[in-house]
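So the structure is just underneath, and the comments pick up after that.
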Amino acid sequence: MPSTSEEITALTEAEANLKAAESDGAKVPLFKFILTGGPCGGKTTAIARLSYFLKERGFEVIACAEVYTILASNGMSFDFYSTDGMDTVIQNSVLDVQLRLEDSIERVLKARGKPAVLLCDRGPMDGKAYLSEEKWKKILDERGVTEADLRDTRYNAVFHMVTAADGASAFYTLENNQARSETPEQALDLDRRSQKCWLGHAHMYVFDNSTDFESKLQRLVNIVSKLVGLPTNLSKRSAKYLLRKRPDAISFPVDVDFHRFEVEKVYLVVQDDVNSGAYSFIRKRTTIGNDGEKQGCIYQLTDVAKKDGEVFETKRIISAREYNASYKSRDLSRHIVRQERISFLYNTQSFTIHIYEQPSPGLCILHAQVENKDNEIPVVDLPDFLDVDRPLEQSDKKAYGAYSLSIIR
C-alpha cells in the first residue's frame with residue numbers, strides 16, 4: 001500500500017489545497033459574508049465594490065448570485081404563486097440551490113490555496129421573510145436543521161443594507177432589478193422582516209441611510225477590512241454602556257425581537273516574541289430557544305495582533321474538535337469567561353447585552369453597533385427599556401473589559 005507521503009505526492013495542487021483546507025487548523029483563511037437587505041438597499045453595488053477592493057489586496061473573491069433572482073430572470077413568473085402551496089416549494093428549492101451553490105463555490109476557493117472571500121447575495125435565512133412561521137418551521141423540520149444551523153455556523157458576518165425606502169426614498173427604484181416589484185411601503189416592511197431573519201448572528205451589521213450612499217459603502221468596506229485583517233481608519237465597531245441591572249424578557253417591548261445565547265470564552269497561551277501585545281481566544285456560543293432548550297453551538301477562534309499602534313483581529317469559524325484541542329492550551333492564569341448574551345435590533349441598530357456569570361457575576365454591559373474612529377462620538381439611539389448607567393470609555397477597559405476581567409487575581 002502507498003504511504004501517506006506518496007498519496008499526498010500523487011495529488012494535484014488543487015487536490016492538495018482542498019485536503020489542507022478541510023483539515024483542522026487550516027492555515028489559509030476563507031471568509032464567507034452574507035449581504036442582505038430590502039429592495040434597493042445597494043447590495044449589488046456593494047458586492048461589486050467589495051469584490052474589486054479585496055481582489056486589489058490579494059484575495060481571491062467569488063460572488064454567489066441571489067438564487068431567487070436566478071429563477072425569476074429565467075422564466076419563473078409571479079403567476080407561479082397562483083398554485084396553492086407554491087411559496088413553500090419555491091423557498092425550499094431556493095434553499096436547496098443556495099446551500100449547494102455556496103458549498104460548491106467554497107470548494108473552488110479552497111482549491112486555489114490562497115486567502116479568499118465568498119460574497120453571498122442573500123442567504124438561507126432570507127427565505128423566512130416570505131413565509132409564515134408555520135411554513136418556515138416545516139421546512140426546517142423536514143431537513144432536520146435549526147435556524148442556528150443555517151444562520152450561525154456558515155458565515156463570518158452578515159451585512160444588512162437598509163432599503164432606500166427607509167431614509168432615502170427619493171432614490172428608491174427597481175429599474176435595475178426586473179425580478180422585484182415592491183412599492184416603497186412593501187420594501188420597508190420586507191426590510192424589517194429581513195433584519196429579523198438574521199438577528200442572532202454573532203456579527204450582524206446594519207448599514208442605514210443616515211449618510212449618502214458612497215459613505216454607506218465606505219462604512220461597509222471599513223468593517224470588512226477590519227474583519228479580514230486589513231488596515232482601516234475605523235477603530236471602533238461597538239460602543240459600550242454599563243447597565244445598572246440585569247434585564248429580563250419582560251423588559252423588552254413586544255415589537256422588539258431578541259435572541260439569547262450562552263457564551264464560553266477561553267483565552268489561550270500565546271508565544272509571540274515579536275508581537276508582545278498578541279493574544280488569542282476561542283469561543284463557544286450556544287443558541288437558547290424560546291423554550292429554554294439549547295439549539296446548537298458555533299465555535300470561533302480569534303487572533304489579536306498589534307502592529308504600528310493598530311490592533312488587528314482575525315476571526316475564524318472552527319470545528320468542535322478544533323475547539324476541544326485548543327482548550328487544552330488555555331491560559332491557566334485566566335478565568336474561563338462565561339456570559340449570557342441577548343441580541344436584538346432597535347431602530348435599525350444592532351445591540352448585544354453581555355451578562356457576566358464568571359467572573360464578576362451580575363455585571364451587565366450593553367454593546368451597540370457603531371462605525372466610528374477613536375476621536376468621534378458614536379451616535380447611538382439607546383433603548384429606553386434598559387436601565388443604562390453610563391457609557392464606558394477607553395479608560396474603563398481594565399475594569400470592564402473581558403481580557404482584563406479574566407485575569408485570576
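All residue names refer to the C-alpha cells as shown: chains lettered A, B, ... in order, residues numbered from 1 in each chain, ligands numbered from 1 in order.
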
- prompt: Which residues in segment 113-252 of chain A does DSSP call strand (DSSP E or B)? List them as a PyMOL selection string.
  reply: chain A and resi 116-121+157-161+204-207+236-243

Write the residues of the selection above to a file with N, CA and C atoms, as a tab-separated table (two decimals), in the first residue's frame.
```
chain	number	residue	atom	x	y	z
A	116	ALA	N	-9.11	33.94	0.63
A	116	ALA	CA	-10.28	34.09	-0.23
A	116	ALA	C	-11.48	34.64	0.53
A	117	VAL	N	-12.41	35.21	-0.24
A	117	VAL	CA	-13.66	35.73	0.31
A	117	VAL	C	-14.79	35.29	-0.59
A	118	LEU	N	-15.84	34.74	0.02
A	118	LEU	CA	-17.07	34.39	-0.69
A	118	LEU	C	-18.14	35.39	-0.29
A	119	LEU	N	-18.64	36.15	-1.27
A	119	LEU	CA	-19.67	37.16	-1.03
A	119	LEU	C	-21.01	36.61	-1.49
A	120	CYS	N	-21.93	36.43	-0.57
A	120	CYS	CA	-23.23	35.81	-0.88
A	120	CYS	C	-24.32	36.87	-0.98
A	121	ASP	N	-24.95	36.93	-2.13
A	121	ASP	CA	-26.10	37.83	-2.34
A	121	ASP	C	-27.32	37.15	-1.73
A	157	ALA	N	-19.82	36.86	8.88
A	157	ALA	CA	-20.56	38.07	9.21
A	157	ALA	C	-21.75	38.23	8.26
A	158	VAL	N	-22.73	39.02	8.71
A	158	VAL	CA	-23.92	39.33	7.91
A	158	VAL	C	-24.03	40.85	7.82
A	159	PHE	N	-24.16	41.35	6.59
A	159	PHE	CA	-24.27	42.79	6.36
A	159	PHE	C	-25.66	43.09	5.79
A	160	HIS	N	-26.44	43.84	6.54
A	160	HIS	CA	-27.79	44.21	6.09
A	160	HIS	C	-27.76	45.63	5.53
A	161	MET	N	-28.05	45.74	4.24
A	161	MET	CA	-28.10	47.04	3.57
A	161	MET	C	-29.56	47.51	3.57
A	204	MET	N	-23.56	40.62	13.07
A	204	MET	CA	-24.54	41.21	12.15
A	204	MET	C	-24.39	42.73	12.18
A	205	TYR	N	-24.26	43.32	11.00
A	205	TYR	CA	-24.08	44.77	10.89
A	205	TYR	C	-25.19	45.34	10.02
A	206	VAL	N	-25.82	46.41	10.49
A	206	VAL	CA	-26.90	47.06	9.76
A	206	VAL	C	-26.39	48.41	9.25
A	207	PHE	N	-26.46	48.61	7.93
A	207	PHE	CA	-26.00	49.85	7.32
A	207	PHE	C	-27.20	50.65	6.85
A	236	LYS	N	-13.33	51.62	15.89
A	236	LYS	CA	-14.39	51.15	16.79
A	236	LYS	C	-15.49	50.45	16.00
A	237	ARG	N	-15.95	49.32	16.51
A	237	ARG	CA	-17.10	48.65	15.92
A	237	ARG	C	-18.26	48.57	16.89
A	238	SER	N	-18.02	48.96	18.15
A	238	SER	CA	-19.11	48.96	19.12
A	238	SER	C	-18.87	50.01	20.19
A	239	ALA	N	-19.96	50.60	20.65
A	239	ALA	CA	-19.92	51.49	21.81
A	239	ALA	C	-20.48	50.69	22.98
A	240	LYS	N	-19.91	50.88	24.16
A	240	LYS	CA	-20.28	50.05	25.30
A	240	LYS	C	-20.86	50.91	26.42
A	241	TYR	N	-21.87	50.34	27.08
A	241	TYR	CA	-22.56	51.05	28.15
A	241	TYR	C	-22.75	50.12	29.34
A	242	LEU	N	-22.55	50.67	30.52
A	242	LEU	CA	-22.76	49.91	31.75
A	242	LEU	C	-24.23	49.98	32.12
A	243	LEU	N	-24.83	48.81	32.38
A	243	LEU	CA	-26.22	48.76	32.81
A	243	LEU	C	-26.29	48.65	34.33
```

Which residues come within 7 Å of segment 348-356 of chain A, counting only C-alpha atoms, excluding same-chain residues fewer than 2 positions away, as an mmCIF file with N, CA and C atoms, in the first residue's frame?
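Saved result, around.cif, follows:
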```cif
data_model
loop_
_atom_site.group_PDB
_atom_site.id
_atom_site.type_symbol
_atom_site.label_atom_id
_atom_site.label_comp_id
_atom_site.auth_asym_id
_atom_site.auth_seq_id
_atom_site.Cartn_x
_atom_site.Cartn_y
_atom_site.Cartn_z
ATOM 1 N N TYR A 205 -24.257 43.325 10.999
ATOM 2 C CA TYR A 205 -24.077 44.774 10.890
ATOM 3 C C TYR A 205 -25.194 45.337 10.016
ATOM 4 N N VAL A 206 -25.817 46.411 10.492
ATOM 5 C CA VAL A 206 -26.902 47.058 9.758
ATOM 6 C C VAL A 206 -26.395 48.405 9.249
ATOM 7 N N ARG A 338 -17.646 33.246 31.233
ATOM 8 C CA ARG A 338 -18.970 32.709 30.894
ATOM 9 C C ARG A 338 -19.991 33.846 30.958
ATOM 10 N N GLN A 339 -20.791 33.926 29.915
ATOM 11 C CA GLN A 339 -21.777 35.001 29.821
ATOM 12 C C GLN A 339 -23.098 34.482 29.263
ATOM 13 N N GLU A 340 -24.158 35.187 29.589
ATOM 14 C CA GLU A 340 -25.400 35.086 28.817
ATOM 15 C C GLU A 340 -25.423 36.321 27.930
ATOM 16 N N ARG A 341 -25.793 36.149 26.662
ATOM 17 C CA ARG A 341 -25.886 37.294 25.761
ATOM 18 C C ARG A 341 -27.292 37.382 25.175
ATOM 19 N N ILE A 342 -27.763 38.613 25.043
ATOM 20 C CA ILE A 342 -29.079 38.877 24.457
ATOM 21 C C ILE A 342 -28.866 39.821 23.280
ATOM 22 N N SER A 343 -29.205 39.371 22.077
ATOM 23 C CA SER A 343 -29.038 40.178 20.870
ATOM 24 C C SER A 343 -30.395 40.667 20.380
ATOM 25 N N PHE A 344 -30.445 41.937 19.943
ATOM 26 C CA PHE A 344 -31.702 42.486 19.435
ATOM 27 C C PHE A 344 -31.421 43.675 18.533
ATOM 28 N N LEU A 345 -32.424 44.079 17.779
ATOM 29 C CA LEU A 345 -32.359 45.261 16.934
ATOM 30 C C LEU A 345 -33.304 46.322 17.502
ATOM 31 N N TYR A 346 -32.827 47.571 17.497
ATOM 32 C CA TYR A 346 -33.657 48.674 17.970
ATOM 33 C C TYR A 346 -33.393 49.866 17.070
ATOM 34 N N GLN A 358 -19.309 34.493 35.051
ATOM 35 C CA GLN A 358 -17.973 34.247 35.610
ATOM 36 C C GLN A 358 -16.937 34.912 34.710
ATOM 37 N N PRO A 359 -16.021 35.721 35.233
ATOM 38 C CA PRO A 359 -16.012 36.273 36.592
ATOM 39 C C PRO A 359 -17.004 37.432 36.702
ATOM 40 N N SER A 360 -16.987 38.165 37.808
ATOM 41 C CA SER A 360 -17.853 39.341 38.026
ATOM 42 C C SER A 360 -19.319 39.043 37.766
ATOM 43 N N PRO A 361 -19.885 38.027 38.438
ATOM 44 C CA PRO A 361 -21.283 37.672 38.212
ATOM 45 C C PRO A 361 -22.227 38.857 38.408
ATOM 46 N N GLY A 362 -23.147 39.009 37.432
ATOM 47 C CA GLY A 362 -24.128 40.088 37.502
ATOM 48 C C GLY A 362 -23.751 41.327 36.731
ATOM 49 N N LEU A 363 -22.476 41.459 36.335
ATOM 50 C CA LEU A 363 -22.055 42.611 35.546
ATOM 51 C C LEU A 363 -22.763 42.576 34.191
ATOM 52 N N CYS A 364 -23.379 43.707 33.802
ATOM 53 C CA CYS A 364 -24.124 43.772 32.534
ATOM 54 C C CYS A 364 -23.599 44.929 31.688
ATOM 55 N N ILE A 365 -23.187 44.619 30.478
ATOM 56 C CA ILE A 365 -22.645 45.629 29.575
ATOM 57 C C ILE A 365 -23.386 45.552 28.249
ATOM 58 N N LEU A 366 -23.861 46.707 27.785
ATOM 59 C CA LEU A 366 -24.568 46.808 26.511
ATOM 60 C C LEU A 366 -23.583 47.199 25.419
ATOM 61 N N HIS A 367 -23.532 46.398 24.333
ATOM 62 C CA HIS A 367 -22.697 46.706 23.170
ATOM 63 C C HIS A 367 -23.606 47.179 22.035
ATOM 64 N N ALA A 368 -23.299 48.338 21.474
ATOM 65 C CA ALA A 368 -24.082 48.886 20.359
ATOM 66 C C ALA A 368 -23.214 48.956 19.122
ATOM 67 N N GLN A 369 -23.751 48.535 18.000
ATOM 68 C CA GLN A 369 -23.002 48.588 16.744
ATOM 69 C C GLN A 369 -22.790 50.032 16.308
#
```

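In this comparison, which uses only C-alpha atoms, the residue of A:Ser93, A:Thr173, A:Ser225, A:Thr183 approaching Ile70 of chain A most closely is A:Ser93.
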
- prompt: Could you pull the residues within 10 Å of Glu60 of chain A, counting only C-alpha atoms, minus those fewer than 2 positions along the same chain, as a PyMOL selection string?
  reply: chain A and resi 30+51+54-58+62+109-110+112-118

Would you put the residues from that selection into a file with C-alpha atoms, as a CSV table (one decimal), in the first residue's frame?
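Saved as out21.csv:
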```
chain,number,residue,atom,x,y,z
A,30,LEU,CA,-11.5,31.8,3.8
A,51,SER,CA,-15.0,42.3,-4.9
A,54,LEU,CA,-10.5,42.7,-1.9
A,55,LYS,CA,-9.0,41.5,-5.2
A,56,GLU,CA,-6.8,44.5,-5.3
A,57,ARG,CA,-5.4,43.5,-1.9
A,58,GLY,CA,-4.6,39.9,-2.8
A,62,ILE,CA,-16.2,34.9,-5.9
A,109,LEU,CA,-11.9,28.8,-3.5
A,110,LYS,CA,-10.3,26.3,-1.1
A,112,ARG,CA,-6.9,27.8,-5.1
A,113,GLY,CA,-5.0,27.7,-1.8
A,114,LYS,CA,-5.0,31.4,-1.4
A,115,PRO,CA,-6.7,33.8,1.0
A,116,ALA,CA,-10.3,34.1,-0.2
A,117,VAL,CA,-13.7,35.7,0.3
A,118,LEU,CA,-17.1,34.4,-0.7
```

task: Within 10 Å of segment 127-132 of chain A, counting only C-alpha atoms, which residues show up once you throw out same-chain ones fewer than 6 positions away? Write them as a ChimeraX atom specification, please.
output: /A:68,87-88,90-92,94-95,138-139,147,189-198

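Considering the residues A:His259, A:His201, A:Arg151, A:Lys32 and counting only C-alpha atoms, Asp103 of chain A has its shortest atom-to-atom contact with A:Lys32.
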
task: Please provide the set of residues having any atom within 10 Å of segment 295-304 of chain A, restricted to only C-alpha atoms, with same-chain residues fewer than 3 positions apart removed, written as a VMD selection string.
output: chain A and resid 145 to 149 152 to 154 156 202 229 261 to 268 270 275 277 to 289 292 311 to 324 326

- prompt: Could you state the separation of atom CA of Ile34 of chain A and atom CA of Glu102 of chain A in Å, given to one decimal place?
  reply: 10.8 Å

query: What is the distance, in Å and to one decimal place, between atom CA of Tyr327 of chain A and atom CA of Leu18 of chain A?
result: 25.9 Å

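Taking only C-alpha atoms into account, Val379 of chain A lies nearest to A:Pro391 out of the set A:Asp126, A:Lys306, A:Cys40, A:Pro391.
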